file work_7.cif (mmCIF, C-alpha atoms)
data_start
loop_
_atom_site.label_atom_id
_atom_site.label_comp_id
_atom_site.auth_asym_id
_atom_site.auth_seq_id
_atom_site.Cartn_x
_atom_site.Cartn_y
_atom_site.Cartn_z
CA MET A 723 -5.43 17.84 -9.99
CA ALA A 724 -4.32 15.21 -12.48
CA LEU A 725 -2.34 12.67 -10.54
CA LYS A 726 -1.45 9.67 -12.70
CA SER A 727 0.21 6.41 -11.85
CA LYS A 728 3.73 6.06 -13.22
CA PRO A 729 3.91 3.98 -16.41
CA LEU A 730 5.66 0.68 -15.71
CA ASP A 731 8.10 1.28 -18.56
CA ALA A 732 9.23 4.41 -16.70
CA VAL A 733 10.27 2.41 -13.65
CA ARG A 734 14.02 2.31 -13.09
CA PRO A 735 15.52 -0.58 -15.06
CA ASP A 736 17.34 -2.25 -12.17
CA VAL A 737 14.17 -3.53 -10.48
CA PRO A 738 14.97 -7.27 -10.45
CA VAL A 739 11.84 -8.55 -12.19
CA HIS A 740 13.66 -11.72 -13.29
CA GLU A 741 13.96 -12.68 -9.61
CA VAL A 742 10.18 -12.97 -9.38
CA SER A 743 10.05 -15.80 -11.88
CA ARG A 744 13.32 -17.41 -10.91
CA GLU A 745 12.80 -21.05 -10.06
CA GLU A 746 13.96 -22.24 -6.67
CA MET A 747 17.37 -23.87 -6.89
CA VAL A 748 18.03 -27.26 -5.33
CA ARG A 749 21.27 -29.09 -4.79
CA VAL A 750 22.09 -32.39 -6.53
CA ASN A 751 24.77 -34.55 -4.95
CA PHE A 752 26.16 -37.75 -6.37
CA LEU A 753 29.32 -39.79 -5.96
CA VAL A 754 31.74 -40.46 -8.79
CA PRO A 755 35.29 -41.82 -8.77
CA ALA A 756 37.90 -39.09 -8.27
CA SER A 757 39.43 -39.88 -11.68
CA VAL A 758 36.08 -39.28 -13.40
CA ARG A 759 35.66 -35.96 -11.66
CA LYS A 760 39.20 -35.01 -12.67
CA THR A 761 38.47 -35.85 -16.31
CA TRP A 762 35.21 -33.89 -16.28
CA LYS A 763 36.80 -30.92 -14.52
CA GLY A 764 39.63 -30.86 -17.08
CA ALA A 765 37.13 -30.93 -19.96
CA ALA A 766 35.15 -28.10 -18.40
CA LEU A 767 38.28 -25.98 -17.94
CA ARG A 768 39.31 -26.50 -21.55
CA GLU A 769 35.91 -25.14 -22.63
CA ASP A 770 36.05 -22.30 -20.10
CA LYS A 771 33.01 -23.67 -18.28
CA THR A 772 32.26 -24.74 -14.76
CA LEU A 773 31.74 -28.41 -14.01
CA THR A 774 28.08 -27.65 -13.27
CA GLU A 775 27.65 -26.01 -16.67
CA LEU A 776 29.30 -28.95 -18.43
CA ILE A 777 27.11 -31.52 -16.66
CA LEU A 778 23.94 -29.47 -17.29
CA GLU A 779 24.81 -29.14 -20.97
CA ALA A 780 25.48 -32.87 -21.26
CA MET A 781 22.18 -33.71 -19.56
CA GLN A 782 20.25 -31.31 -21.77
CA THR A 783 21.81 -32.88 -24.88
CA ARG A 784 21.01 -36.37 -23.61
CA LEU A 785 17.40 -35.50 -22.76
CA SER A 786 16.80 -33.75 -26.09
CA GLN A 787 18.02 -36.90 -27.88
CA LEU A 788 15.60 -38.99 -25.82
CA ASN A 789 12.72 -36.70 -26.79
CA GLN A 790 13.41 -36.93 -30.52
CA MET B 733 -1.10 -21.17 4.72
CA LYS B 734 -1.59 -17.69 3.29
CA ILE B 735 1.39 -15.42 2.80
CA ILE B 736 0.51 -11.72 2.91
CA ALA B 737 3.10 -9.12 1.99
CA LEU B 738 2.99 -5.43 2.85
CA MET B 739 4.89 -3.65 0.10
CA ASN B 740 5.90 -0.35 -1.46
CA GLU B 741 9.27 0.88 -2.61
CA LYS B 742 8.80 4.11 -0.68
CA GLY B 743 9.82 4.13 2.97
CA GLY B 744 7.44 5.55 5.54
CA SER B 745 4.26 4.52 3.77
CA GLY B 746 3.14 2.53 6.82
CA LYS B 747 4.10 -1.03 5.88
CA SER B 748 5.38 -1.94 9.33
CA THR B 749 2.46 -0.33 11.13
CA LEU B 750 0.05 -2.21 8.90
CA ALA B 751 2.00 -5.45 9.22
CA THR B 752 1.98 -5.39 13.02
CA ASN B 753 -1.72 -4.57 13.22
CA LEU B 754 -2.93 -6.96 10.52
CA ALA B 755 -0.84 -9.75 12.03
CA THR B 756 -2.26 -8.99 15.46
CA ALA B 757 -5.80 -8.77 14.10
CA LEU B 758 -5.50 -12.26 12.63
CA HIS B 759 -3.77 -13.54 15.77
CA ARG B 760 -6.59 -12.22 17.98
CA ARG B 761 -9.07 -14.04 15.73
CA GLY B 762 -7.45 -17.28 16.82
CA LYS B 763 -5.30 -17.82 13.75
CA ARG B 764 -1.73 -19.06 13.92
CA VAL B 765 0.24 -16.07 12.67
CA VAL B 766 3.93 -15.40 12.15
CA LEU B 767 5.08 -11.90 11.32
CA VAL B 768 8.21 -12.10 9.18
CA ASP B 769 10.42 -9.04 9.36
CA ALA B 770 12.23 -8.95 6.01
CA ASP B 771 13.22 -5.32 6.39
CA PRO B 772 16.82 -4.71 7.52
CA GLN B 773 15.53 -1.69 9.40
CA GLY B 774 13.94 -4.22 11.77
CA THR B 775 10.93 -2.17 12.84
CA ALA B 776 8.75 -5.23 13.45
CA ARG B 777 11.50 -6.77 15.57
CA ASP B 778 11.93 -3.55 17.53
CA TRP B 779 8.17 -3.38 17.97
CA ARG B 780 8.06 -6.88 19.47
CA ALA B 781 11.11 -6.18 21.62
CA ALA B 782 9.28 -3.15 23.03
CA SER B 783 6.20 -5.22 23.89
CA PRO B 784 5.25 -5.68 27.53
CA GLU B 785 5.84 -9.15 28.90
CA GLY B 786 2.87 -11.41 28.26
CA ALA B 787 1.41 -9.23 25.51
CA ASP B 788 -0.99 -11.18 23.31
CA LEU B 789 0.81 -10.60 20.02
CA PRO B 790 2.03 -12.75 17.12
CA HIS B 791 5.55 -14.14 16.93
CA VAL B 792 8.04 -12.13 14.91
CA VAL B 793 10.91 -13.74 13.05
CA ALA B 794 13.69 -12.02 11.14
CA LEU B 795 14.52 -12.96 7.59
CA ASP B 796 17.57 -11.28 6.11
CA ARG B 797 18.25 -13.21 2.92
CA PRO B 798 15.89 -13.81 -0.03
CA GLN B 799 17.15 -17.40 -0.23
CA MET B 800 15.47 -18.04 3.15
CA LEU B 801 12.00 -17.18 1.79
CA ALA B 802 11.57 -20.78 0.61
CA SER B 803 11.64 -21.90 4.25
CA ILE B 804 8.52 -19.88 5.08
CA SER B 805 6.38 -22.77 3.88
CA THR B 806 7.74 -24.86 6.77
CA LEU B 807 6.37 -22.49 9.41
CA ALA B 808 3.45 -23.80 11.45
CA ALA B 809 1.11 -20.92 10.63
CA ASP B 810 -2.24 -20.16 9.05
CA PHE B 811 -0.99 -16.73 8.02
CA VAL B 812 2.48 -15.36 7.42
CA VAL B 813 2.56 -11.58 7.23
CA ILE B 814 5.75 -10.20 5.67
CA ASP B 815 6.96 -6.69 6.36
CA THR B 816 9.16 -5.90 3.37
CA PRO B 817 12.03 -3.47 2.88
CA ALA B 818 11.37 -0.22 1.09
CA LYS B 819 13.67 -0.77 -1.87
CA ALA B 820 12.38 -3.04 -4.66
CA GLU B 821 15.45 -5.27 -4.79
CA ALA B 822 16.03 -9.01 -4.55
CA MET B 823 14.16 -9.37 -1.25
CA ALA B 824 11.05 -7.61 -2.55
CA ALA B 825 11.15 -9.69 -5.73
CA GLY B 826 11.54 -12.87 -3.69
CA VAL B 827 8.60 -11.88 -1.49
CA VAL B 828 6.39 -11.38 -4.55
CA ARG B 829 7.52 -14.82 -5.73
CA VAL B 830 6.24 -16.55 -2.56
CA ALA B 831 3.32 -14.29 -1.57
CA HIS B 832 -0.34 -15.12 -2.14
CA LEU B 833 -1.48 -11.57 -1.44
CA ALA B 834 0.44 -8.31 -1.86
CA LEU B 835 -0.95 -5.19 -0.23
CA VAL B 836 0.70 -2.12 -1.71
CA VAL B 837 0.56 0.50 1.02
CA ILE B 838 0.35 4.10 -0.14
CA GLN B 839 -0.21 7.41 1.55
CA PRO B 840 -2.17 10.16 -0.17
CA SER B 841 0.81 11.60 -2.00
CA GLY B 842 2.24 11.58 -5.48
CA ALA B 843 5.52 10.24 -4.10
CA ASP B 844 3.82 7.12 -2.72
CA VAL B 845 1.81 6.56 -5.88
CA TRP B 846 4.80 6.91 -8.18
CA ALA B 847 7.06 4.78 -5.97
CA SER B 848 4.47 1.99 -5.98
CA ALA B 849 5.18 1.42 -9.70
CA ALA B 850 8.28 -0.65 -8.88
CA THR B 851 6.22 -3.01 -6.72
CA VAL B 852 3.48 -3.17 -9.34
CA LYS B 853 6.12 -4.11 -11.89
CA LEU B 854 7.19 -7.08 -9.75
CA ILE B 855 3.57 -8.17 -9.27
CA ARG B 856 2.87 -7.80 -12.99
CA GLN B 857 5.92 -9.94 -13.78
CA LYS B 858 4.61 -12.76 -11.60
CA LEU B 859 1.22 -12.60 -13.30
CA ASP B 860 2.78 -12.40 -16.77
CA VAL B 861 4.69 -15.64 -16.25
CA GLY B 862 1.55 -17.42 -15.10
CA GLY B 863 2.06 -17.00 -11.38
CA GLN B 864 -0.81 -16.49 -8.95
CA ILE B 865 -0.95 -13.51 -6.68
CA ASP B 866 -3.77 -11.31 -5.45
CA ALA B 867 -2.86 -7.69 -5.06
CA ALA B 868 -4.46 -4.46 -3.94
CA PHE B 869 -3.56 -0.94 -2.99
CA LEU B 870 -4.29 -0.01 0.60
CA VAL B 871 -4.43 3.70 1.34
CA ASN B 872 -2.99 4.71 4.69
CA ARG B 873 -3.05 7.99 6.63
CA VAL B 874 -6.14 9.26 4.90
CA SER B 875 -7.49 12.59 6.02
CA GLY B 876 -11.18 13.16 5.45
CA VAL B 877 -10.72 16.78 4.49
CA THR B 878 -7.87 17.03 1.99
CA LYS B 879 -8.42 16.99 -1.75
CA LEU B 880 -5.44 14.70 -2.17
CA SER B 881 -6.89 12.09 0.19
CA LYS B 882 -10.17 12.16 -1.70
CA LEU B 883 -8.34 11.90 -5.02
CA ILE B 884 -6.22 8.91 -3.96
CA LYS B 885 -9.17 7.25 -2.23
CA GLY B 886 -11.25 7.69 -5.37
CA GLY B 887 -8.76 5.58 -7.29
CA GLU B 888 -8.96 7.46 -10.61
CA TRP B 889 -5.16 7.72 -10.62
CA ASN B 890 -4.82 3.91 -10.64
CA GLU B 891 -4.23 2.70 -14.19
CA TYR B 892 -2.52 -0.56 -13.24
CA GLY B 893 -5.53 -2.85 -13.28
CA ILE B 894 -4.78 -3.71 -9.65
CA ASP B 895 -7.60 -3.39 -7.15
CA GLN B 896 -7.74 -0.75 -4.48
CA LEU B 897 -9.36 -1.63 -1.17
CA ASN B 898 -12.38 0.44 -0.20
CA SER B 899 -11.17 0.28 3.38
CA THR B 900 -8.58 2.88 4.30
CA LEU B 901 -6.69 3.77 7.44
CA GLY B 902 -6.89 7.24 8.89
CA ASN B 903 -4.13 9.57 9.89
CA ARG B 904 -4.36 8.62 13.57
CA VAL B 905 -1.87 9.06 16.39
CA ALA B 906 -3.03 5.75 17.84
CA PHE B 907 -1.21 3.78 15.13
CA ALA B 908 2.13 5.41 15.96
CA GLN B 909 1.45 5.12 19.69
CA ALA B 910 0.66 1.42 19.46
CA LEU B 911 3.82 0.74 17.47
CA THR B 912 5.97 2.72 19.88
CA ASP B 913 4.52 0.91 22.89
CA GLY B 914 5.09 -2.51 21.30
CA LEU B 915 1.36 -3.05 21.17
CA SER B 916 -1.40 -3.18 18.59
CA ILE B 917 -4.27 -0.89 17.89
CA TYR B 918 -6.47 -3.44 19.71
CA ASP B 919 -4.68 -2.62 22.96
CA LEU B 920 -5.50 1.11 22.83
CA GLN B 921 -8.76 2.97 23.24
CA ASP B 922 -9.14 4.35 19.71
CA ALA B 923 -12.28 2.55 18.51
CA SER B 924 -12.11 4.18 15.06
CA ALA B 925 -8.62 2.84 14.43
CA LYS B 926 -9.67 -0.66 15.48
CA ALA B 927 -12.70 -0.44 13.22
CA GLU B 928 -10.49 0.54 10.29
CA VAL B 929 -8.19 -2.47 10.71
CA ASP B 930 -11.22 -4.72 11.20
CA ALA B 931 -12.72 -3.32 7.99
CA VAL B 932 -9.56 -4.20 6.07
CA ILE B 933 -9.73 -7.78 7.37
CA THR B 934 -13.45 -8.01 6.54
CA GLU B 935 -12.87 -6.72 3.01
CA LEU B 936 -10.01 -9.17 2.42
CA GLU B 937 -12.18 -12.01 3.72
CA ALA B 938 -15.08 -10.95 1.49
CA ALA B 939 -12.73 -11.03 -1.50
CA ARG B 940 -11.69 -14.54 -0.38
CA TRP B 941 -8.12 -13.35 -0.13
CA LEU B 942 -7.78 -14.58 3.45
#

call {"tool": "encode", "arguments": {"input": "work_7.cif", "output": "structure tokens"}}
result
Amino acid sequence: MALKSKPLDAVRPDVPVHEVSREEMVRVNFLVPASVRKTWKGAALREDKTLTELILEAMQTRLSQLNQ
Amino acid sequence: MKIIALMNEKGGSGKSTLATNLATALHRRGKRVVLVDADPQGTARDWRAASPEGADLPHVVALDRPQMLASISTLAADFVVIDTPAKAEAMAAGVVRVAHLALVVIQPSGADVWASAATVKLIRQKLDVGGQIDAAFLVNRVSGVTKLSKLIKGGEWNEYGIDQLNSTLGNRVAFAQALTDGLSIYDLQDASAKAEVDAVITELEAARWL
């Protein structure tokens, strides 16, 4: 009898391995004037992004400048 | 707090039976234990609902969304034992993310061995990204006489680099009876079955996994 374990690369591809290393998400709340939010939201829409994506991108740019 | 997960993609391997008895074993040793039923099938919940009033068993809580796994750390418990769903989907991946110890439960069959690969893949992913998790195969429903049992117990098939516990559980009616009665193996008269669960606990303690 030659029972072998299944090679891991033969495992079905939809096993959500990325979920194992996914970092826990937390919520960030802050207050801004309604006009500021409107401006940001409009900018995000023009770039086909969500407001969250736009803010994250802006923060990443800002932090990378600080680290240079 | 130690989080112990009973896992395998294949249904019927004995995850719930093991979960109820390991949780009870730790509970009877004076530990604060919560059994988390993360399987939509709800066997651990049904088990507890079938328990006689006043039975000395651990608490069971249901957890139906992977997002809720983060709240496990807020439980007042020394041990959290998680009974996982069969399919290796988001819940199983989330359980691997939070667990300190994964016991991959297999029966002496090719189907169980092959199905375990999906769980091993999740465990391997956690280790590959620098996460910490102890893991071991636990062979359930072993028969002393079949070639297949001896083969699986021998561990030669295991090429994953994941340990296999020396302790095994036998193919005993008492396990099914205890589950059906809403009790643990410690409430029945089968001394061999109790000794097997005790041996698993002892081996895990010796490995400093508990």

call {"tool": "resolve_selection", "arguments": {"input": "work_7.cif", "expression": "the PyMOL selection byres ((chain B) within 7 of (chain A))", "output": "PDB file with C-alpha atoms, in the frame of the given file"}}
result
ATOM      1  CA  ALA B 820      12.380  -3.040  -4.660  1.00  0.00           C
ATOM      2  CA  GLU B 821      15.450  -5.270  -4.790  1.00  0.00           C
ATOM      3  CA  ALA B 822      16.030  -9.010  -4.550  1.00  0.00           C
ATOM      4  CA  ALA B 825      11.150  -9.690  -5.730  1.00  0.00           C
ATOM      5  CA  GLY B 826      11.540 -12.870  -3.690  1.00  0.00           C
ATOM      6  CA  VAL B 828       6.390 -11.380  -4.550  1.00  0.00           C
ATOM      7  CA  ARG B 829       7.520 -14.820  -5.730  1.00  0.00           C
ATOM      8  CA  GLY B 842       2.240  11.580  -5.480  1.00  0.00           C
ATOM      9  CA  VAL B 845       1.810   6.560  -5.880  1.00  0.00           C
ATOM     10  CA  TRP B 846       4.800   6.910  -8.180  1.00  0.00           C
ATOM     11  CA  ALA B 849       5.180   1.420  -9.700  1.00  0.00           C
ATOM     12  CA  ALA B 850       8.280  -0.650  -8.880  1.00  0.00           C
ATOM     13  CA  LYS B 853       6.120  -4.110 -11.890  1.00  0.00           C
ATOM     14  CA  LEU B 854       7.190  -7.080  -9.750  1.00  0.00           C
ATOM     15  CA  GLN B 857       5.920  -9.940 -13.780  1.00  0.00           C
ATOM     16  CA  LYS B 858       4.610 -12.760 -11.600  1.00  0.00           C
ATOM     17  CA  VAL B 861       4.690 -15.640 -16.250  1.00  0.00           C
ATOM     18  CA  TRP B 889      -5.160   7.720 -10.620  1.00  0.00           C
ATOM     19  CA  ASN B 890      -4.820   3.910 -10.640  1.00  0.00           C
ATOM     20  CA  GLU B 891      -4.230   2.700 -14.190  1.00  0.00           C
TER      21      GLU B 891
END

call {"tool": "closest_residue", "arguments": {"input": "work_7.cif", "among": "B:Gly746, B:Pro798, B:Pro817, B:Gly786", "to": "B:Gln773", "atoms": "all atoms listed in the file"}}
result
B:Pro817

call {"tool": "closest_residue", "arguments": {"input": "work_7.cif", "among": "A:Trp762, A:Leu753, A:Val748, A:Gln790", "to": "A:Ile777", "atoms": "only C-alpha atoms"}}
result
A:Trp762

call {"tool": "resolve_selection", "arguments": {"input": "work_7.cif", "expression": "the PyMOL selection byres ((chain B and resi 922) around 12)", "output": "short mmCIF file (atom, residue, chain, number, x, y, z; two decimals) with C-alpha atoms, in the frame of the given file"}}
result
data_model
loop_
_atom_site.label_atom_id
_atom_site.label_comp_id
_atom_site.auth_asym_id
_atom_site.auth_seq_id
_atom_site.Cartn_x
_atom_site.Cartn_y
_atom_site.Cartn_z
CA GLY B 902 -6.89 7.24 8.89
CA ARG B 904 -4.36 8.62 13.57
CA VAL B 905 -1.87 9.06 16.39
CA ALA B 906 -3.03 5.75 17.84
CA PHE B 907 -1.21 3.78 15.13
CA ALA B 908 2.13 5.41 15.96
CA GLN B 909 1.45 5.12 19.69
CA ALA B 910 0.66 1.42 19.46
CA SER B 916 -1.40 -3.18 18.59
CA ILE B 917 -4.27 -0.89 17.89
CA TYR B 918 -6.47 -3.44 19.71
CA ASP B 919 -4.68 -2.62 22.96
CA LEU B 920 -5.50 1.11 22.83
CA GLN B 921 -8.76 2.97 23.24
CA ALA B 923 -12.28 2.55 18.51
CA SER B 924 -12.11 4.18 15.06
CA ALA B 925 -8.62 2.84 14.43
CA LYS B 926 -9.67 -0.66 15.48
CA ALA B 927 -12.70 -0.44 13.22
CA GLU B 928 -10.49 0.54 10.29
CA VAL B 929 -8.19 -2.47 10.71
#

call {"tool": "atom_distance", "arguments": {"input": "work_7.cif", "atom1": "atom CA of B:Ala782", "atom2": "atom CA of B:Asp913"}}
result
6.3 Å

call {"tool": "residues_around", "arguments": {"input": "work_7.cif", "residues": "A:Arg759", "least_positions_apart": "6", "cutoff": "12 Å", "atoms": "all atoms listed in the file", "output": "PyMOL selection string"}}
result
chain A and resi 752-753+765-766+773-774+776-777

call {"tool": "resolve_selection", "arguments": {"input": "work_7.cif", "expression": "the PyMOL selection byres ((chain B and resi 787) around 10)", "output": "VMD selection string"}}
result
chain B and resid 780 783 to 786 788 to 790 914 to 916 919

call {"tool": "write_last_selection", "arguments": {"input": "work_7.cif", "atoms": "C-alpha atoms", "output": "compact mmCIF listing (two decimals), keeping the file's coordinate frame"}}
result
# COMPACT_ATOMS: atom_id res chain seq x y z
CA ARG B 780 8.06 -6.88 19.47
CA SER B 783 6.20 -5.22 23.89
CA PRO B 784 5.25 -5.68 27.53
CA GLU B 785 5.84 -9.15 28.90
CA GLY B 786 2.87 -11.41 28.26
CA ASP B 788 -0.99 -11.18 23.31
CA LEU B 789 0.81 -10.60 20.02
CA PRO B 790 2.03 -12.75 17.12
CA GLY B 914 5.09 -2.51 21.30
CA LEU B 915 1.36 -3.05 21.17
CA SER B 916 -1.40 -3.18 18.59
CA ASP B 919 -4.68 -2.62 22.96

call {"tool": "atom_distance", "arguments": {"input": "work_7.cif", "atom1": "atom CA of B:Leu880", "atom2": "atom CA of B:Thr851"}}
result
21.7 Å

call {"tool": "atom_distance", "arguments": {"input": "work_7.cif", "atom1": "atom CA of B:Thr756", "atom2": "atom CA of B:Gly863"}}
result
28.3 Å

call {"tool": "decode", "arguments": {"input": "work_7.cif", "residues": "chain A", "atoms": "C-alpha atoms", "output": "compact mmCIF listing (two decimals), in the first residue's frame"}}
result
# COMPACT_ATOMS: atom_id res chain seq x y z
CA MET A 723 0.00 0.00 0.00
CA ALA A 724 1.51 3.33 -1.02
CA LEU A 725 -0.68 5.99 0.44
CA LYS A 726 0.83 9.45 -0.05
CA SER A 727 -0.24 12.83 1.20
CA LYS A 728 -1.62 15.11 -1.48
CA PRO A 729 0.91 17.67 -2.74
CA LEU A 730 -0.10 21.15 -1.62
CA ASP A 731 0.09 22.45 -5.19
CA ALA A 732 -2.62 19.92 -6.07
CA VAL A 733 -5.05 21.44 -3.59
CA ARG A 734 -8.00 23.20 -5.21
CA PRO A 735 -7.05 26.81 -5.97
CA ASP A 736 -9.98 28.46 -4.18
CA VAL A 737 -8.73 27.65 -0.67
CA PRO A 738 -8.54 31.20 0.72
CA VAL A 739 -4.91 31.18 1.88
CA HIS A 740 -4.74 34.99 1.68
CA GLU A 741 -7.32 35.13 4.48
CA VAL A 742 -4.83 33.51 6.85
CA SER A 743 -2.42 36.41 6.60
CA ARG A 744 -5.01 39.13 6.25
CA GLU A 745 -4.50 41.78 8.88
CA GLU A 746 -7.42 42.60 11.14
CA MET A 747 -9.27 45.67 9.91
CA VAL A 748 -10.12 48.52 12.27
CA ARG A 749 -12.35 51.50 11.74
CA VAL A 750 -11.01 55.08 11.72
CA ASN A 751 -13.52 57.85 12.38
CA PHE A 752 -12.83 61.55 12.20
CA LEU A 753 -14.86 64.70 11.75
CA VAL A 754 -14.41 67.06 8.82
CA PRO A 755 -16.58 69.91 7.55
CA ALA A 756 -19.27 68.74 5.13
CA SER A 757 -17.78 70.89 2.36
CA VAL A 758 -14.40 69.15 2.73
CA ARG A 759 -16.01 65.75 2.53
CA LYS A 760 -17.92 66.86 -0.56
CA THR A 761 -14.71 68.04 -2.23
CA TRP A 762 -12.89 64.80 -1.38
CA LYS A 763 -15.82 62.65 -2.49
CA GLY A 764 -15.98 64.52 -5.82
CA ALA A 765 -12.24 64.03 -6.37
CA ALA A 766 -12.56 60.33 -5.60
CA LEU A 767 -15.46 59.92 -8.03
CA ARG A 768 -13.53 61.66 -10.80
CA GLU A 769 -10.73 59.12 -10.34
CA ASP A 770 -13.17 56.21 -10.08
CA LYS A 771 -12.09 55.52 -6.50
CA THR A 772 -13.81 55.28 -3.18
CA LEU A 773 -13.23 57.99 -0.60
CA THR A 774 -11.39 55.42 1.54
CA GLU A 775 -9.05 54.57 -1.33
CA LEU A 776 -8.36 58.25 -2.00
CA ILE A 777 -7.56 58.99 1.65
CA LEU A 778 -5.36 55.87 1.96
CA GLU A 779 -3.46 56.82 -1.18
CA ALA A 780 -2.96 60.38 0.07
CA MET A 781 -1.71 59.13 3.44
CA GLN A 782 0.67 56.66 1.83
CA THR A 783 2.10 59.43 -0.38
CA ARG A 784 2.46 61.73 2.62
CA LEU A 785 4.17 59.07 4.76
CA SER A 786 6.55 58.04 1.97
CA GLN A 787 7.61 61.69 1.62
CA LEU A 788 8.26 61.85 5.36
CA ASN A 789 10.45 58.75 5.16
CA GLN A 790 12.63 60.10 2.36
